[in-house]
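Engineer: Handing you a structure now.
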Amino acid sequence: MPTPTLEEYLEIIYKLAERGTVKPTQLADAMAVSGPTVTATLKRLAERGLVVRKGTDVELTSEGESLAVDIVRRHRISEIFLVDILGLDWDVAHEEACRLEHALSPRVLEALEAYLNNPEVCPHGHPVPSSEGVVTKVVGAALADLPVGETGTVIRVAEDDEQVLSYLGELGLRPGTTVTVESAAPFGGPLTVKIGDAAEPIALARELGESIVVLPLLEVS
């Protein structure tokens with residue numbers, strides 16, 4: 001069984017791979033460690049048959065991906081328990097779940113999942129993998145790509161930055177909330193959006209809008 005540190009690397013590689021190719025520099029930034037530390041850890045993962053290096057790219061093997069999906073499952077079920085049962089804020093829950101995920105045995109995980117009524121998504125809207133490793137994801141569009149005047153329902157937000165999550169929580173930009181793009185400044189400038197039934201629109205950095213996934217209202221069943 002991989003150590004907690006190796007599990008963290010597998011989880012981060014898996015999440016980064018969802019967005020594109022994975023580079024060691026991305027891992028160094030995500031783990032807040034040096035390049036040599038990443039190189040040494042990737043060597044350990046490769047020796048275990050969990051990753052392969054293709055040029056400067058890092059890829060999970062089938063075994064590595066299976067383990068990564070299991071770690072993601074433990075993490076997201078932990079988040080749901082921390083938020084829905086213990087009442088932690090969703091920004092704090094992510095960091096706590098990073099600790100808890102490594103301590104859950106398969107027996108406890110199965111019991112916890114049943115207690116939570118087999119949840120499908122975490123508090124941030126990301127899918128909870130099934131016990132068979134199946135990951136179902138609703139495909140939406142980035143809020144930043146929503147045309148001016150259109151409304152969408154938030155389905156998920158970036159989950160790895162505690163400060164961003166705290167800010168989004170203050171704004172009320174959570175899964176299930178409707179948001180309308182009222183204007184978009186040119187040349188990558190900020191968006192002006194109206195959140196739910198709020199009386200006044202707010203300015204939202206375009207970079208932040210790119211990390212929020214919405215389902216356009218016409219597609220909501």
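Simple scheme: letters A, B, ... for chains in structure tokens order, numbers from 1 for residues in each chain, numbers from 1 for ligands in the order shown.
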Using only C-alpha atoms, which residues sit within 8 Å of A:Leu165 once same-chain residues fewer than 6 positions away are excluded, as a list in words?
Structural biologist: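 Those residues are Trp90, Asp91, Ala158 and Glu159 of chain A.
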Engineer: Could you give me, as an mmCIF file with N, CA and C atoms, in the first residue's frame, the residues within 7 Å of A:Leu50, counting only C-alpha atoms and dropping anything in the same chain fewer than 2 positions from it?
Structural biologist:
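The result, written out as out_15.cif:
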```cif
data_model
loop_
_atom_site.group_PDB
_atom_site.id
_atom_site.type_symbol
_atom_site.label_atom_id
_atom_site.label_comp_id
_atom_site.auth_asym_id
_atom_site.auth_seq_id
_atom_site.Cartn_x
_atom_site.Cartn_y
_atom_site.Cartn_z
ATOM 1 N N LEU A 45 7.366 6.175 -7.416
ATOM 2 C CA LEU A 45 6.089 5.750 -8.001
ATOM 3 C C LEU A 45 6.316 4.875 -9.232
ATOM 4 N N ALA A 46 7.323 5.230 -10.034
ATOM 5 C CA ALA A 46 7.628 4.448 -11.229
ATOM 6 C C ALA A 46 8.132 3.055 -10.855
ATOM 7 N N ARG A 48 7.249 1.362 -8.409
ATOM 8 C CA ARG A 48 6.091 0.583 -7.972
ATOM 9 C C ARG A 48 5.129 0.299 -9.130
ATOM 10 N N LEU A 60 -0.276 8.197 -15.295
ATOM 11 C CA LEU A 60 -0.585 7.088 -14.403
ATOM 12 C C LEU A 60 -0.678 5.794 -15.212
ATOM 13 N N THR A 61 -0.186 4.713 -14.641
ATOM 14 C CA THR A 61 -0.439 3.405 -15.233
ATOM 15 C C THR A 61 -1.865 3.005 -14.874
ATOM 16 N N GLU A 63 -2.770 0.603 -12.979
ATOM 17 C CA GLU A 63 -2.801 0.368 -11.530
ATOM 18 C C GLU A 63 -2.764 1.689 -10.770
ATOM 19 N N GLY A 64 -1.942 2.611 -11.254
ATOM 20 C CA GLY A 64 -1.858 3.922 -10.601
ATOM 21 C C GLY A 64 -3.171 4.671 -10.673
#
```
Engineer: So which one's closest to A:Glu210, A:Gly176, A:Ala142, A:Pro4, A:Val164? Using only C-alpha atoms, please.
Structural biologist: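 Selected residue with least distance to A:Glu210: A:Ala142.
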Engineer: Just want the 7 Å neighbourhood of A:Gly152, counted on only C-alpha atoms, with same-chain residues fewer than 2 positions away dropped. Output as a list in words.
Structural biologist: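 Near A:Gly152, the qualifying residues are Glu150, Val154, Thr178, Val179, Thr180, Val214, Leu215, Pro216 and Leu217 of chain A.
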Engineer: Those selected residues, please, written with C-alpha atoms and delivered as an mmCIF file, in the first residue's frame.
Structural biologist:
```
data_model
loop_
_atom_site.group_PDB
_atom_site.id
_atom_site.type_symbol
_atom_site.label_atom_id
_atom_site.label_comp_id
_atom_site.auth_asym_id
_atom_site.auth_seq_id
_atom_site.Cartn_x
_atom_site.Cartn_y
_atom_site.Cartn_z
ATOM 1 C CA GLU A 150 -27.302 33.699 -20.459
ATOM 2 C CA VAL A 154 -23.368 25.924 -11.022
ATOM 3 C CA THR A 178 -28.043 30.012 -10.744
ATOM 4 C CA VAL A 179 -25.767 32.700 -12.147
ATOM 5 C CA THR A 180 -26.304 35.107 -15.045
ATOM 6 C CA VAL A 214 -22.099 25.633 -15.059
ATOM 7 C CA LEU A 215 -24.874 23.913 -16.941
ATOM 8 C CA PRO A 216 -26.622 26.421 -19.219
ATOM 9 C CA LEU A 217 -30.216 26.868 -18.093
#
```
Engineer: So which residues touch A:Ala30 within 12 Å, counting only C-alpha atoms, skipping near sequence neighbours fewer than 2 positions away, as a VMD selection string?
Structural biologist: chain A and resid 8 to 13 15 to 16 22 to 28 32 to 35 38 160 to 161
Engineer: Please identify which residues in stretch 50-138 of chain A DSSP calls strand (DSSP E) from the backbone, and express them as a list in words.
Structural biologist: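 Those in stretch 50-138 of chain A that DSSP calls strand (DSSP E) are Val51, Val52, Arg53, Lys54, Asp57, Val58, Glu59 and Leu60 of chain A.
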Engineer: Between A:Ala17, A:Leu191, A:Arg73, A:Thr37, which has the minimum distance to A:Leu146 (counting only C-alpha atoms)?
Structural biologist: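 Residue with the minimum atom-to-atom distance to A:Leu146: A:Leu191.
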Engineer: Tell me, as a VMD selection string, which residues lie within 9 Å of stretch 105-120 of chain A, counting only C-alpha atoms; anything in the same chain fewer than 3 positions away does not count.
Structural biologist: chain A and resid 74 77 to 78 80 to 81 84 to 85 102 125 to 131 136
Engineer: I need the residues in chain A that are helix (DSSP H, G or I) according to DSSP; give them as a ChimeraX atom specification.
Structural biologist: /A:4-17,24-31,35-47,62-85,90-100,106-115,143-145,162-171,206-210,217-219
Engineer: Pull C-alpha atoms from the residues just selected and write them as a compact mmCIF listing (two decimals), in the first residue's frame.
Structural biologist:
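So selection.txt came out as:
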```txt
# COMPACT_ATOMS: atom_id res chain seq x y z
CA PRO A 4 0.12 8.91 2.38
CA THR A 5 2.64 11.05 0.47
CA LEU A 6 2.57 8.76 -2.55
CA GLU A 7 -1.22 8.67 -2.39
CA GLU A 8 -1.27 12.48 -2.47
CA TYR A 9 0.88 12.44 -5.61
CA LEU A 10 -1.40 9.91 -7.30
CA GLU A 11 -4.46 11.99 -6.44
CA ILE A 12 -2.92 15.20 -7.77
CA ILE A 13 -1.65 13.55 -10.96
CA TYR A 14 -5.15 12.18 -11.57
CA LYS A 15 -6.80 15.58 -11.09
CA LEU A 16 -4.23 17.39 -13.23
CA ALA A 17 -4.62 14.79 -15.97
CA PRO A 24 6.69 17.73 -12.89
CA THR A 25 6.61 21.50 -12.42
CA GLN A 26 2.83 21.33 -11.92
CA LEU A 27 3.32 18.71 -9.24
CA ALA A 28 5.95 20.83 -7.52
CA ASP A 29 3.54 23.76 -7.42
CA ALA A 30 0.60 21.65 -6.23
CA MET A 31 2.62 19.91 -3.51
CA GLY A 35 11.76 19.99 -8.30
CA PRO A 36 14.30 17.43 -6.98
CA THR A 37 11.75 16.22 -4.42
CA VAL A 38 9.20 15.66 -7.19
CA THR A 39 11.78 13.82 -9.29
CA ALA A 40 12.67 11.50 -6.39
CA THR A 41 9.01 10.80 -5.60
CA LEU A 42 8.13 10.10 -9.24
CA LYS A 43 11.02 7.61 -9.31
CA ARG A 44 9.49 5.82 -6.31
CA LEU A 45 6.09 5.75 -8.00
CA ALA A 46 7.63 4.45 -11.23
CA GLU A 47 9.46 1.68 -9.35
CA SER A 62 -3.69 1.44 -15.07
CA GLU A 63 -2.80 0.37 -11.53
CA GLY A 64 -1.86 3.92 -10.60
CA GLU A 65 -5.12 5.28 -11.96
CA SER A 66 -7.13 2.65 -10.09
CA LEU A 67 -5.43 3.62 -6.83
CA ALA A 68 -5.89 7.34 -7.59
CA VAL A 69 -9.62 6.91 -8.19
CA ASP A 70 -9.92 5.07 -4.88
CA ILE A 71 -8.12 7.91 -3.09
CA VAL A 72 -10.41 10.47 -4.75
CA ARG A 73 -13.41 8.41 -3.63
CA ARG A 74 -12.17 8.36 -0.02
CA HIS A 75 -11.46 12.09 -0.14
CA ARG A 76 -14.87 13.10 -1.46
CA ILE A 77 -16.82 10.83 0.87
CA SER A 78 -14.78 12.29 3.73
CA GLU A 79 -15.70 15.82 2.58
CA ILE A 80 -19.39 14.97 2.51
CA PHE A 81 -19.22 13.57 6.03
CA LEU A 82 -17.33 16.59 7.32
CA VAL A 83 -19.72 19.11 5.72
CA ASP A 84 -23.11 17.39 5.93
CA ILE A 85 -22.73 15.61 9.26
CA TRP A 90 -16.61 23.46 2.59
CA ASP A 91 -13.28 25.30 2.42
CA VAL A 92 -12.03 23.79 5.69
CA ALA A 93 -13.42 20.35 4.84
CA HIS A 94 -11.13 19.93 1.83
CA GLU A 95 -7.95 20.23 3.89
CA GLU A 96 -9.31 18.00 6.66
CA ALA A 97 -10.40 15.39 4.11
CA CYS A 98 -6.81 15.30 2.82
CA ARG A 99 -5.84 13.94 6.24
CA LEU A 100 -8.85 11.70 6.80
CA PRO A 106 -12.35 -0.24 3.05
CA ARG A 107 -14.78 -1.45 5.74
CA VAL A 108 -15.19 1.99 7.31
CA LEU A 109 -15.43 3.65 3.89
CA GLU A 110 -18.23 1.31 2.82
CA ALA A 111 -20.13 1.90 6.08
CA LEU A 112 -19.67 5.66 5.82
CA GLU A 113 -20.88 5.69 2.23
CA ALA A 114 -24.00 3.75 3.21
CA TYR A 115 -24.61 6.09 6.16
CA LEU A 143 -18.82 30.29 -16.37
CA ALA A 144 -16.31 32.51 -18.19
CA ASP A 145 -17.45 30.98 -21.50
CA GLU A 162 -9.14 27.00 0.51
CA GLN A 163 -9.12 30.77 0.02
CA VAL A 164 -11.01 30.53 -3.28
CA LEU A 165 -13.58 28.21 -1.73
CA SER A 166 -14.06 30.58 1.19
CA TYR A 167 -14.61 33.48 -1.22
CA LEU A 168 -17.04 31.52 -3.41
CA GLY A 169 -18.94 30.48 -0.29
CA GLU A 170 -19.27 34.13 0.77
CA LEU A 171 -20.62 34.98 -2.68
CA ARG A 206 -12.33 35.91 -15.41
CA GLU A 207 -9.74 33.45 -14.06
CA LEU A 208 -12.16 32.59 -11.27
CA GLY A 209 -14.98 32.27 -13.79
CA GLU A 210 -12.91 29.71 -15.65
CA LEU A 217 -30.22 26.87 -18.09
CA LEU A 218 -31.62 25.47 -21.34
CA GLU A 219 -29.79 22.20 -20.67
```
Engineer: Please measure the separation of atom CA of A:Gly149 and atom CA of A:Ser183, giving the value in Å to one decimal.
Structural biologist: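 Computing the Euclidean distance for atom CA of A:Gly149 and atom CA of A:Ser183 yields 7.4 Å.
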Engineer: What does the distance from atom CA of A:Val213 to atom CA of A:Ile155 come to in Å, to one decimal?
Structural biologist: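 Calculated distance between atom CA of A:Val213 and atom CA of A:Ile155 is 5.8 Å.
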Engineer: Which residue out of A:Pro201, A:Pro2, A:Pro123, A:Gly188 has the minimum interatomic distance to A:Arg174 when only C-alpha atoms are used?
Structural biologist: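 Counting only C-alpha atoms, the residue closest to A:Arg174 is A:Pro123.
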